[in-house]
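What follows is a set of notes on a single structure, which appears directly below.
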Amino acid sequence: MTVPIYTIKGSTGNHLVSIDSEGNLVMEGSLTEAASAAQLDPTSGNEFMIRDSAADEIFRSDSSGNMYIKGSLYERVGADLDAVTVQSLRVKDSTGDTVALVNSQSFTNSGIEPTWPYTVPAGSVILPGRAFVGADPDRDSSQGV
């Protein structure tokens, strides 16, 4: 892993979530995909939230480094993330290339979602690299393994 270019820290400055220039994501806690509205609702003042244009929560990282996403986690994506045109939070490297993306709208892309009808759900985290989750950094369920 390279040095993080985007970091979410806790109230005491501790590492919770980071993304490096190769599109690798490291989180301290656990990951919940297809999170319910209740799981996405803020529970304290020490959380990082992403909302869509309707102000609905699509991403939440809590003070323990747990990450809740409305959509799915996509790793080792070879598609050009700069070509994704839906509204998204983007993390870019020093050359301006998107190295991580959280989309706020569903879209179709067979280069990201390999299963027909190729719909990438809103609130997905899309990475060209890997996600390293808590105490299980090399989990078998990682896409592309």
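Going by the structure tokens order, chains are called A, B, ..., each with residues numbered from 1, while ligands are numbered from 1 in the order shown.
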Legend entry - Residue neighbourhood range 52-63 of chain A, 6 Å, only C-alpha atoms, exclusion window fewer than 4 positions, as a ChimeraX atom specification: /A:10,40,46-48,67-70,104,123
Would you kindly return, as an mmCIF file with C-alpha atoms, in the first residue's frame, each protein, DNA or RNA residue with an atom no farther than 6 Å from any atom of range 108-112 of chain A, considering only C-alpha atoms and excluding same-chain residues fewer than 5 positions away?
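What landed in around_13.cif:
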```
data_model
loop_
_atom_site.group_PDB
_atom_site.id
_atom_site.type_symbol
_atom_site.label_atom_id
_atom_site.label_comp_id
_atom_site.auth_asym_id
_atom_site.auth_seq_id
_atom_site.Cartn_x
_atom_site.Cartn_y
_atom_site.Cartn_z
ATOM 1 C CA VAL A 77 -12.314 -2.646 -11.183
ATOM 2 C CA ALA A 79 -13.134 0.241 -15.935
ATOM 3 C CA TYR A 118 -25.084 -4.916 -15.041
ATOM 4 C CA THR A 119 -26.699 -2.411 -12.664
ATOM 5 C CA VAL A 120 -24.370 -0.803 -10.140
#
```
Legend entry - Those of chain A in DSSP strand (DSSP E or B), formatted as a VMD selection string: chain A and resid 4 to 9 15 to 20 25 to 27 31 to 32 48 to 51 57 to 61 67 to 69 73 to 74 88 to 92 98 to 103 107 to 108 119 to 120 125 to 126 131 to 133 136
So which residues touch Val3 in chain A within 10 Å, counting only C-alpha atoms, skipping near sequence neighbours fewer than 3 positions away, as a PDB file with N, CA and C atoms, in the first residue's frame?
```pdb
ATOM      1  N   TYR A   6      -6.509  10.047   1.129  1.00  0.00           N
ATOM      2  CA  TYR A   6      -7.777  10.456   1.736  1.00  0.00           C
ATOM      3  C   TYR A   6      -7.956   9.636   3.000  1.00  0.00           C
ATOM      4  N   SER A  18      -9.150   4.819   5.116  1.00  0.00           N
ATOM      5  CA  SER A  18      -8.269   5.580   4.228  1.00  0.00           C
ATOM      6  C   SER A  18      -8.256   4.947   2.840  1.00  0.00           C
ATOM      7  N   ILE A  19      -7.886   5.780   1.860  1.00  0.00           N
ATOM      8  CA  ILE A  19      -7.772   5.351   0.468  1.00  0.00           C
ATOM      9  C   ILE A  19      -6.432   5.840  -0.042  1.00  0.00           C
ATOM     10  N   ASP A  20      -5.700   4.958  -0.728  1.00  0.00           N
ATOM     11  CA  ASP A  20      -4.405   5.368  -1.268  1.00  0.00           C
ATOM     12  C   ASP A  20      -4.507   5.654  -2.764  1.00  0.00           C
ATOM     13  N   SER A  21      -3.388   6.057  -3.360  1.00  0.00           N
ATOM     14  CA  SER A  21      -3.375   6.488  -4.764  1.00  0.00           C
ATOM     15  C   SER A  21      -3.568   5.334  -5.744  1.00  0.00           C
ATOM     16  N   GLU A  22      -3.539   4.098  -5.268  1.00  0.00           N
ATOM     17  CA  GLU A  22      -3.780   2.940  -6.130  1.00  0.00           C
ATOM     18  C   GLU A  22      -5.220   2.442  -6.015  1.00  0.00           C
TER      19      GLU A  22
END
```
Inset, instruction - Could you please determine the separation between CA of Gln105 in chain A and CA of Arg90 in chain A in Å, to one decimal place? - result: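 So the answer is 13.4 Å.
The coordinates place CA of Lys92 in chain A at 8.3 Å from CA of Ile5 in chain A.
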Inset, instruction - Figure out the distance between CA of Val84 in chain A and CA of Lys9 in chain A, please, to one decimal in Å. - result: 27.6 Å
Legend entry - Counting only C-alpha atoms, the residue of A:Ala100, A:Asn66, A:Ser106, A:Met27 that sits nearest Thr85 in chain A: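 Checking each candidate against Thr85 in chain A, we get A:Ser106 as the closest.
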Inset, instruction - Using only C-alpha atoms, pick whichever of A:Glu33, A:Glu113, A:Glu28, A:Asp80 has the shortest atom-to-atom distance to Asp97 in chain A. - result: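 That would be A:Asp80, the residue with the smallest distance to Asp97 in chain A.
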Inset, instruction - Determine the nearest neighbour of Ile126 in chain A from the options A:Gly29, A:Ser44, A:Ile50, A:Gly23, counting only C-alpha atoms. - result: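 Closest to Ile126 in chain A, using only C-alpha atoms: A:Gly23.
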Inset, instruction - Name the closest residue to Gly65 in chain A among the candidates A:Leu89, A:Ala131, A:Leu16, A:Ile8; distances are taken between atoms, counting only C-alpha atoms. - result: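 For Gly65 in chain A, the nearest of the candidates is A:Leu16.
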